file data33.cif (mmCIF, N, CA and C atoms)
data_work
loop_
_atom_site.group_PDB
_atom_site.id
_atom_site.type_symbol
_atom_site.label_atom_id
_atom_site.label_comp_id
_atom_site.auth_asym_id
_atom_site.auth_seq_id
_atom_site.Cartn_x
_atom_site.Cartn_y
_atom_site.Cartn_z
ATOM 1 N N MET J 1 3.009 -18.494 -16.543
ATOM 2 C CA MET J 1 2.174 -17.383 -16.918
ATOM 3 C C MET J 1 2.559 -16.177 -16.050
ATOM 4 N N VAL J 2 2.791 -15.041 -16.683
ATOM 5 C CA VAL J 2 3.187 -13.819 -15.997
ATOM 6 C C VAL J 2 1.937 -12.992 -15.686
ATOM 7 N N ALA J 3 1.867 -12.495 -14.451
ATOM 8 C CA ALA J 3 0.737 -11.665 -14.028
ATOM 9 C C ALA J 3 0.853 -10.264 -14.641
ATOM 10 N N PRO J 4 -0.291 -9.590 -14.861
ATOM 11 C CA PRO J 4 -0.242 -8.205 -15.348
ATOM 12 C C PRO J 4 0.504 -7.318 -14.354
ATOM 13 N N PRO J 5 1.122 -6.239 -14.822
ATOM 14 C CA PRO J 5 1.959 -5.395 -13.958
ATOM 15 C C PRO J 5 1.257 -4.830 -12.720
ATOM 16 N N THR J 6 -0.042 -4.589 -12.798
ATOM 17 C CA THR J 6 -0.734 -4.025 -11.639
ATOM 18 C C THR J 6 -1.403 -5.085 -10.764
ATOM 19 N N PHE J 7 -1.259 -6.363 -11.107
ATOM 20 C CA PHE J 7 -1.861 -7.438 -10.324
ATOM 21 C C PHE J 7 -1.502 -7.384 -8.837
ATOM 22 N N PRO J 8 -0.260 -7.066 -8.468
ATOM 23 C CA PRO J 8 0.101 -7.080 -7.048
ATOM 24 C C PRO J 8 -0.720 -6.138 -6.168
ATOM 25 N N VAL J 9 -1.456 -5.209 -6.767
ATOM 26 C CA VAL J 9 -2.289 -4.339 -5.933
ATOM 27 C C VAL J 9 -3.293 -5.173 -5.139
ATOM 28 N N ILE J 10 -3.713 -6.308 -5.679
ATOM 29 C CA ILE J 10 -4.650 -7.186 -4.972
ATOM 30 C C ILE J 10 -4.000 -7.722 -3.698
ATOM 31 N N VAL J 11 -2.774 -8.154 -3.808
ATOM 32 C CA VAL J 11 -2.060 -8.709 -2.662
ATOM 33 C C VAL J 11 -1.692 -7.613 -1.667
ATOM 34 N N THR J 12 -1.140 -6.515 -2.161
ATOM 35 C CA THR J 12 -0.666 -5.457 -1.268
ATOM 36 C C THR J 12 -1.815 -4.715 -0.605
ATOM 37 N N MET J 13 -2.918 -4.527 -1.299
ATOM 38 C CA MET J 13 -4.060 -3.822 -0.707
ATOM 39 C C MET J 13 -4.653 -4.638 0.448
ATOM 40 N N GLY J 14 -4.762 -5.935 0.240
ATOM 41 C CA GLY J 14 -5.263 -6.787 1.315
ATOM 42 C C GLY J 14 -4.347 -6.746 2.522
ATOM 43 N N SER J 15 -3.061 -6.738 2.264
ATOM 44 C CA SER J 15 -2.081 -6.690 3.339
ATOM 45 C C SER J 15 -2.105 -5.346 4.068
ATOM 46 N N SER J 16 -2.331 -4.273 3.338
ATOM 47 C CA SER J 16 -2.359 -2.929 3.926
ATOM 48 C C SER J 16 -3.609 -2.655 4.747
ATOM 49 N N GLN J 17 -4.553 -3.558 4.710
ATOM 50 C CA GLN J 17 -5.782 -3.401 5.489
ATOM 51 C C GLN J 17 -5.460 -3.186 6.967
ATOM 52 N N GLN J 18 -4.349 -3.723 7.427
ATOM 53 C CA GLN J 18 -3.974 -3.553 8.832
ATOM 54 C C GLN J 18 -3.831 -2.077 9.198
ATOM 55 N N PHE J 19 -3.386 -1.239 8.256
ATOM 56 C CA PHE J 19 -3.258 0.184 8.533
ATOM 57 C C PHE J 19 -4.622 0.848 8.623
ATOM 58 N N ILE J 20 -5.513 0.451 7.747
ATOM 59 C CA ILE J 20 -6.844 1.040 7.707
ATOM 60 C C ILE J 20 -7.599 0.734 8.993
ATOM 61 N N GLU J 21 -7.383 -0.457 9.535
ATOM 62 C CA GLU J 21 -8.101 -0.885 10.732
ATOM 63 C C GLU J 21 -7.378 -0.528 12.027
ATOM 64 N N ASP J 22 -6.189 0.062 11.958
ATOM 65 C CA ASP J 22 -5.411 0.387 13.153
ATOM 66 C C ASP J 22 -6.018 1.593 13.867
ATOM 67 N N PRO J 23 -6.563 1.405 15.083
ATOM 68 C CA PRO J 23 -7.191 2.522 15.791
ATOM 69 C C PRO J 23 -6.211 3.635 16.156
ATOM 70 N N GLU J 24 -4.923 3.313 16.271
ATOM 71 C CA GLU J 24 -3.934 4.345 16.600
ATOM 72 C C GLU J 24 -3.764 5.353 15.470
ATOM 73 N N LEU J 25 -3.974 4.922 14.220
ATOM 74 C CA LEU J 25 -3.873 5.852 13.093
ATOM 75 C C LEU J 25 -5.114 6.727 12.989
ATOM 76 N N GLY J 26 -6.246 6.210 13.424
ATOM 77 C CA GLY J 26 -7.471 6.994 13.427
ATOM 78 C C GLY J 26 -7.989 7.374 12.049
ATOM 79 N N LEU J 27 -7.783 6.525 11.054
ATOM 80 C CA LEU J 27 -8.298 6.830 9.712
ATOM 81 C C LEU J 27 -9.817 6.723 9.695
ATOM 82 N N ASP J 28 -10.448 7.712 9.123
ATOM 83 C CA ASP J 28 -11.889 7.657 8.858
ATOM 84 C C ASP J 28 -12.027 7.254 7.400
ATOM 85 N N TYR J 29 -12.214 5.951 7.161
ATOM 86 C CA TYR J 29 -12.165 5.432 5.795
ATOM 87 C C TYR J 29 -13.259 6.010 4.904
ATOM 88 N N SER J 30 -14.303 6.568 5.491
ATOM 89 C CA SER J 30 -15.347 7.198 4.673
ATOM 90 C C SER J 30 -14.838 8.480 4.015
ATOM 91 N N ARG J 31 -13.687 8.997 4.486
ATOM 92 C CA ARG J 31 -13.111 10.223 3.911
ATOM 93 C C ARG J 31 -11.795 9.948 3.180
ATOM 94 N N VAL J 32 -11.463 8.673 2.971
ATOM 95 C CA VAL J 32 -10.178 8.307 2.360
ATOM 96 C C VAL J 32 -10.344 8.089 0.864
ATOM 97 N N VAL J 33 -9.399 8.652 0.110
ATOM 98 C CA VAL J 33 -9.315 8.399 -1.327
ATOM 99 C C VAL J 33 -7.896 7.914 -1.633
ATOM 100 N N HIS J 34 -7.759 7.186 -2.730
ATOM 101 C CA HIS J 34 -6.460 6.678 -3.155
ATOM 102 C C HIS J 34 -5.740 7.773 -3.909
ATOM 103 N N GLY J 35 -4.551 8.150 -3.443
ATOM 104 C CA GLY J 35 -3.844 9.261 -4.046
ATOM 105 C C GLY J 35 -2.784 8.878 -5.055
ATOM 106 N N ASP J 36 -2.132 7.720 -4.859
ATOM 107 C CA ASP J 36 -1.021 7.367 -5.743
ATOM 108 C C ASP J 36 -0.681 5.893 -5.543
ATOM 109 N N GLN J 37 -0.074 5.290 -6.549
ATOM 110 C CA GLN J 37 0.373 3.898 -6.495
ATOM 111 C C GLN J 37 1.601 3.776 -7.382
ATOM 112 N N LYS J 38 2.618 3.082 -6.885
ATOM 113 C CA LYS J 38 3.841 2.899 -7.667
ATOM 114 C C LYS J 38 4.404 1.512 -7.367
ATOM 115 N N PHE J 39 4.947 0.865 -8.377
ATOM 116 C CA PHE J 39 5.569 -0.445 -8.235
ATOM 117 C C PHE J 39 6.992 -0.397 -8.770
ATOM 118 N N THR J 40 7.902 -1.054 -8.077
ATOM 119 C CA THR J 40 9.245 -1.283 -8.575
ATOM 120 C C THR J 40 9.479 -2.784 -8.514
ATOM 121 N N TYR J 41 9.763 -3.372 -9.680
ATOM 122 C CA TYR J 41 9.890 -4.823 -9.792
ATOM 123 C C TYR J 41 11.342 -5.281 -9.769
ATOM 124 N N VAL J 42 11.583 -6.390 -9.073
ATOM 125 C CA VAL J 42 12.841 -7.118 -9.173
ATOM 126 C C VAL J 42 12.674 -8.184 -10.257
ATOM 127 N N ARG J 43 11.479 -8.786 -10.245
ATOM 128 C CA ARG J 43 11.114 -9.755 -11.275
ATOM 129 C C ARG J 43 9.596 -9.792 -11.358
ATOM 130 N N PRO J 44 9.039 -10.313 -12.450
ATOM 131 C CA PRO J 44 7.581 -10.378 -12.578
ATOM 132 C C PRO J 44 6.972 -11.377 -11.593
ATOM 133 N N VAL J 45 5.720 -11.163 -11.261
ATOM 134 C CA VAL J 45 4.936 -12.136 -10.505
ATOM 135 C C VAL J 45 4.473 -13.192 -11.515
ATOM 136 N N VAL J 46 4.660 -14.449 -11.164
ATOM 137 C CA VAL J 46 4.268 -15.527 -12.074
ATOM 138 C C VAL J 46 3.323 -16.488 -11.361
ATOM 139 N N ALA J 47 2.551 -17.224 -12.161
ATOM 140 C CA ALA J 47 1.629 -18.220 -11.615
ATOM 141 C C ALA J 47 2.409 -19.187 -10.731
ATOM 142 N N GLY J 48 1.835 -19.491 -9.581
ATOM 143 C CA GLY J 48 2.475 -20.396 -8.641
ATOM 144 C C GLY J 48 3.269 -19.702 -7.555
ATOM 145 N N ASP J 49 3.526 -18.394 -7.702
ATOM 146 C CA ASP J 49 4.230 -17.662 -6.651
ATOM 147 C C ASP J 49 3.396 -17.661 -5.375
ATOM 148 N N SER J 50 4.043 -17.904 -4.264
ATOM 149 C CA SER J 50 3.420 -17.750 -2.951
ATOM 150 C C SER J 50 4.105 -16.551 -2.319
ATOM 151 N N LEU J 51 3.366 -15.459 -2.202
ATOM 152 C CA LEU J 51 3.958 -14.165 -1.852
ATOM 153 C C LEU J 51 3.675 -13.768 -0.410
ATOM 154 N N ILE J 52 4.645 -13.085 0.182
ATOM 155 C CA ILE J 52 4.532 -12.554 1.533
ATOM 156 C C ILE J 52 4.757 -11.051 1.449
ATOM 157 N N CYS J 53 3.912 -10.295 2.163
ATOM 158 C CA CYS J 53 4.010 -8.831 2.175
ATOM 159 C C CYS J 53 4.547 -8.352 3.517
ATOM 160 N N ARG J 54 5.468 -7.416 3.449
ATOM 161 C CA ARG J 54 6.009 -6.767 4.651
ATOM 162 C C ARG J 54 5.701 -5.284 4.523
ATOM 163 N N ASN J 55 4.830 -4.798 5.410
ATOM 164 C CA ASN J 55 4.327 -3.424 5.317
ATOM 165 C C ASN J 55 5.084 -2.465 6.221
ATOM 166 N N THR J 56 5.261 -1.258 5.711
ATOM 167 C CA THR J 56 5.907 -0.186 6.468
ATOM 168 C C THR J 56 5.160 1.112 6.195
ATOM 169 N N ILE J 57 4.955 1.895 7.230
ATOM 170 C CA ILE J 57 4.462 3.262 7.030
ATOM 171 C C ILE J 57 5.692 4.118 6.787
ATOM 172 N N GLU J 58 5.758 4.730 5.618
ATOM 173 C CA GLU J 58 6.920 5.550 5.283
ATOM 174 C C GLU J 58 6.747 7.004 5.713
ATOM 175 N N GLU J 59 5.503 7.485 5.646
ATOM 176 C CA GLU J 59 5.320 8.910 5.933
ATOM 177 C C GLU J 59 3.868 9.195 6.263
ATOM 178 N N ILE J 60 3.674 10.079 7.227
ATOM 179 C CA ILE J 60 2.351 10.632 7.530
ATOM 180 C C ILE J 60 2.522 12.147 7.562
ATOM 181 N N THR J 61 1.779 12.843 6.707
ATOM 182 C CA THR J 61 1.870 14.299 6.655
ATOM 183 C C THR J 61 0.474 14.898 6.580
ATOM 184 N N SER J 62 0.408 16.185 6.830
ATOM 185 C CA SER J 62 -0.839 16.941 6.680
ATOM 186 C C SER J 62 -0.545 18.182 5.856
ATOM 187 N N ARG J 63 -1.438 18.452 4.891
ATOM 188 C CA ARG J 63 -1.308 19.651 4.053
ATOM 189 C C ARG J 63 -2.697 20.110 3.664
ATOM 190 N N GLY J 64 -2.936 21.388 3.775
ATOM 191 C CA GLY J 64 -4.197 21.955 3.324
ATOM 192 C C GLY J 64 -5.421 21.328 3.975
ATOM 193 N N GLY J 65 -5.283 20.887 5.222
ATOM 194 C CA GLY J 65 -6.403 20.286 5.922
ATOM 195 C C GLY J 65 -6.631 18.821 5.621
ATOM 196 N N HIS J 66 -5.747 18.219 4.819
ATOM 197 C CA HIS J 66 -5.868 16.805 4.459
ATOM 198 C C HIS J 66 -4.683 16.031 5.049
ATOM 199 N N ASP J 67 -4.922 14.769 5.391
ATOM 200 C CA ASP J 67 -3.864 13.908 5.921
ATOM 201 C C ASP J 67 -3.436 12.913 4.843
ATOM 202 N N PHE J 68 -2.126 12.687 4.750
ATOM 203 C CA PHE J 68 -1.556 11.802 3.732
ATOM 204 C C PHE J 68 -0.789 10.675 4.419
ATOM 205 N N LEU J 69 -1.083 9.441 4.033
ATOM 206 C CA LEU J 69 -0.414 8.261 4.572
ATOM 207 C C LEU J 69 0.262 7.530 3.415
ATOM 208 N N THR J 70 1.596 7.434 3.463
ATOM 209 C CA THR J 70 2.339 6.714 2.435
ATOM 210 C C THR J 70 2.841 5.409 3.032
ATOM 211 N N THR J 71 2.486 4.296 2.381
ATOM 212 C CA THR J 71 2.927 2.980 2.831
ATOM 213 C C THR J 71 3.829 2.354 1.784
ATOM 214 N N ARG J 72 4.713 1.489 2.264
ATOM 215 C CA ARG J 72 5.567 0.704 1.375
ATOM 216 C C ARG J 72 5.332 -0.761 1.711
ATOM 217 N N THR J 73 5.153 -1.575 0.701
ATOM 218 C CA THR J 73 4.995 -3.012 0.892
ATOM 219 C C THR J 73 6.072 -3.723 0.093
ATOM 220 N N ASP J 74 6.954 -4.410 0.813
ATOM 221 C CA ASP J 74 7.970 -5.233 0.169
ATOM 222 C C ASP J 74 7.378 -6.622 0.002
ATOM 223 N N VAL J 75 7.367 -7.120 -1.232
ATOM 224 C CA VAL J 75 6.774 -8.409 -1.546
ATOM 225 C C VAL J 75 7.903 -9.378 -1.878
ATOM 226 N N VAL J 76 7.898 -10.509 -1.158
ATOM 227 C CA VAL J 76 8.917 -11.539 -1.342
ATOM 228 C C VAL J 76 8.230 -12.888 -1.488
ATOM 229 N N THR J 77 8.970 -13.871 -1.980
ATOM 230 C CA THR J 77 8.452 -15.233 -2.033
ATOM 231 C C THR J 77 8.602 -15.863 -0.644
ATOM 232 N N GLU J 78 8.006 -17.031 -0.463
ATOM 233 C CA GLU J 78 8.156 -17.734 0.812
ATOM 234 C C GLU J 78 9.621 -18.032 1.120
ATOM 235 N N ALA J 79 10.450 -18.169 0.094
ATOM 236 C CA ALA J 79 11.881 -18.420 0.275
ATOM 237 C C ALA J 79 12.658 -17.135 0.565
ATOM 238 N N GLY J 80 11.956 -15.981 0.559
ATOM 239 C CA GLY J 80 12.604 -14.705 0.844
ATOM 240 C C GLY J 80 13.156 -13.992 -0.370
ATOM 241 N N GLU J 81 12.884 -14.494 -1.570
ATOM 242 C CA GLU J 81 13.360 -13.857 -2.803
ATOM 243 C C GLU J 81 12.562 -12.578 -3.060
ATOM 244 N N PRO J 82 13.230 -11.432 -3.190
ATOM 245 C CA PRO J 82 12.507 -10.186 -3.472
ATOM 246 C C PRO J 82 11.809 -10.257 -4.833
ATOM 247 N N VAL J 83 10.574 -9.761 -4.872
ATOM 248 C CA VAL J 83 9.806 -9.733 -6.113
ATOM 249 C C VAL J 83 9.527 -8.290 -6.517
ATOM 250 N N LEU J 84 9.006 -7.502 -5.592
ATOM 251 C CA LEU J 84 8.686 -6.116 -5.910
ATOM 252 C C LEU J 84 8.495 -5.303 -4.652
ATOM 253 N N THR J 85 8.475 -4.000 -4.828
ATOM 254 C CA THR J 85 8.096 -3.069 -3.775
ATOM 255 C C THR J 85 6.971 -2.212 -4.323
ATOM 256 N N ALA J 86 5.944 -2.036 -3.492
ATOM 257 C CA ALA J 86 4.791 -1.213 -3.888
ATOM 258 C C ALA J 86 4.634 -0.075 -2.891
ATOM 259 N N TRP J 87 4.390 1.114 -3.418
ATOM 260 C CA TRP J 87 4.088 2.271 -2.580
ATOM 261 C C TRP J 87 2.660 2.698 -2.860
ATOM 262 N N SER J 88 1.976 3.104 -1.797
ATOM 263 C CA SER J 88 0.599 3.580 -1.941
ATOM 264 C C SER J 88 0.421 4.805 -1.071
ATOM 265 N N LYS J 89 -0.323 5.757 -1.591
ATOM 266 C CA LYS J 89 -0.612 6.961 -0.810
ATOM 267 C C LYS J 89 -2.122 7.055 -0.634
ATOM 268 N N LEU J 90 -2.550 7.128 0.613
ATOM 269 C CA LEU J 90 -3.957 7.343 0.937
ATOM 270 C C LEU J 90 -4.111 8.768 1.419
ATOM 271 N N VAL J 91 -5.185 9.408 1.006
ATOM 272 C CA VAL J 91 -5.472 10.780 1.401
ATOM 273 C C VAL J 91 -6.769 10.782 2.190
ATOM 274 N N GLN J 92 -6.698 11.257 3.433
ATOM 275 C CA GLN J 92 -7.916 11.439 4.216
ATOM 276 C C GLN J 92 -8.320 12.902 4.083
ATOM 277 N N ARG J 93 -9.410 13.106 3.372
ATOM 278 C CA ARG J 93 -9.893 14.466 3.138
ATOM 279 C C ARG J 93 -10.268 15.119 4.458
ATOM 280 N N GLY J 94 -10.013 16.421 4.543
ATOM 281 C CA GLY J 94 -10.370 17.176 5.730
ATOM 282 C C GLY J 94 -11.867 17.314 5.878
ATOM 283 N N ASP J 95 -12.287 17.742 7.054
ATOM 284 C CA ASP J 95 -13.717 17.977 7.291
ATOM 285 C C ASP J 95 -14.244 19.035 6.335
ATOM 286 N N ASP J 96 -15.488 18.875 5.940
ATOM 287 C CA ASP J 96 -16.126 19.843 5.047
ATOM 288 C C ASP J 96 -16.652 21.056 5.822
ATOM 289 N N LYS J 97 -16.377 21.108 7.076
ATOM 290 C CA LYS J 97 -16.902 22.192 7.940
ATOM 291 C C LYS J 97 -16.149 23.470 7.770
#
call {"tool": "encode", "arguments": {"input": "data33.cif", "output": "structure tokens"}}
result
Amino acid sequence: MVAPPTFPVIVTMGSSQQFIEDPELGLDYSRVVHGDQKFTYVRPVVAGDSLICRNTIEEITSRGGHDFLTTRTDVVTEAGEPVLTAWSKLVQRGDDK
């Protein structure tokens, strides 16, 4: 059984929690919105896959008083077979002051 194309967001979002909880990044999650999501597949996710996520911060920028965090998650099987890469952009809205 093949998983729907956006199913990996469940796996990658859970894995990316480490960035949200990292005190060095200083994210105020009450001001964070999801800005973008993109997937590039090597092959579909199928039932029975045991997946491992490898997270990378690709970019941190600020524009117009807002902070942008772009992450990349490489998803592989336990055997190291590439499955997909997911990119996510989080936007921390600036203060309303």
call {"tool": "residues_around", "arguments": {"input": "data33.cif", "residues": "Gly64 in chain J", "least_positions_apart": "3", "cutoff": "12 Å", "atoms": "only C-alpha atoms", "output": "count of residues only"}}
result
8
call {"tool": "resolve_selection", "arguments": {"input": "data33.cif", "expression": "the PyMOL selection byres (((chain J and resi 58 and name CA) around 6) and name CA)", "output": "MDAnalysis selection string"}}
result
chainID J and resid 56:57 59 70:71
call {"tool": "residues_around", "arguments": {"input": "data33.cif", "residues": "Asp49 in chain J", "least_positions_apart": "4", "cutoff": "8 Å", "atoms": "all atoms listed in the file", "output": "PyMOL selection string"}}
result
chain J and resi 45+76-78
call {"tool": "write_last_selection", "arguments": {"input": "data33.cif", "atoms": "N, CA and C atoms", "output": "mmCIF file, in the coordinates of the input"}}
result
data_model
loop_
_atom_site.group_PDB
_atom_site.id
_atom_site.type_symbol
_atom_site.label_atom_id
_atom_site.label_comp_id
_atom_site.auth_asym_id
_atom_site.auth_seq_id
_atom_site.Cartn_x
_atom_site.Cartn_y
_atom_site.Cartn_z
ATOM 1 N N VAL J 45 5.720 -11.163 -11.261
ATOM 2 C CA VAL J 45 4.936 -12.136 -10.505
ATOM 3 C C VAL J 45 4.473 -13.192 -11.515
ATOM 4 N N VAL J 76 7.898 -10.509 -1.158
ATOM 5 C CA VAL J 76 8.917 -11.539 -1.342
ATOM 6 C C VAL J 76 8.230 -12.888 -1.488
ATOM 7 N N THR J 77 8.970 -13.871 -1.980
ATOM 8 C CA THR J 77 8.452 -15.233 -2.033
ATOM 9 C C THR J 77 8.602 -15.863 -0.644
ATOM 10 N N GLU J 78 8.006 -17.031 -0.463
ATOM 11 C CA GLU J 78 8.156 -17.734 0.812
ATOM 12 C C GLU J 78 9.621 -18.032 1.120
#
call {"tool": "resolve_selection", "arguments": {"input": "data33.cif", "expression": "the PyMOL selection byres (((chain J and resi 85 and name CA) around 8) and name CA)", "output": "PyMOL selection string"}}
result
chain J and resi 39-41+72-75+83-84+86-87
call {"tool": "closest_residue", "arguments": {"input": "data33.cif", "among": "J:Leu25, J:Ile20, J:Leu90, J:Val46", "to": "Phe7 in chain J", "atoms": "only C-alpha atoms"}}
result
J:Val46
call {"tool": "select_by_dssp", "arguments": {"input": "data33.cif", "residues": "chain J", "states": "alpha helix (DSSP H)", "output": "list in words"}}
result
Pro8, Val9, Ile10, Val11, Thr12, Met13, Gly14, Ser15, Ser16, Gln17, Gln18, Phe19 and Ile20 of chain J
call {"tool": "atom_distance", "arguments": {"input": "data33.cif", "atom1": "CA of Val42 in chain J", "atom2": "CA of Gly80 in chain J"}}
result
12.6 Å
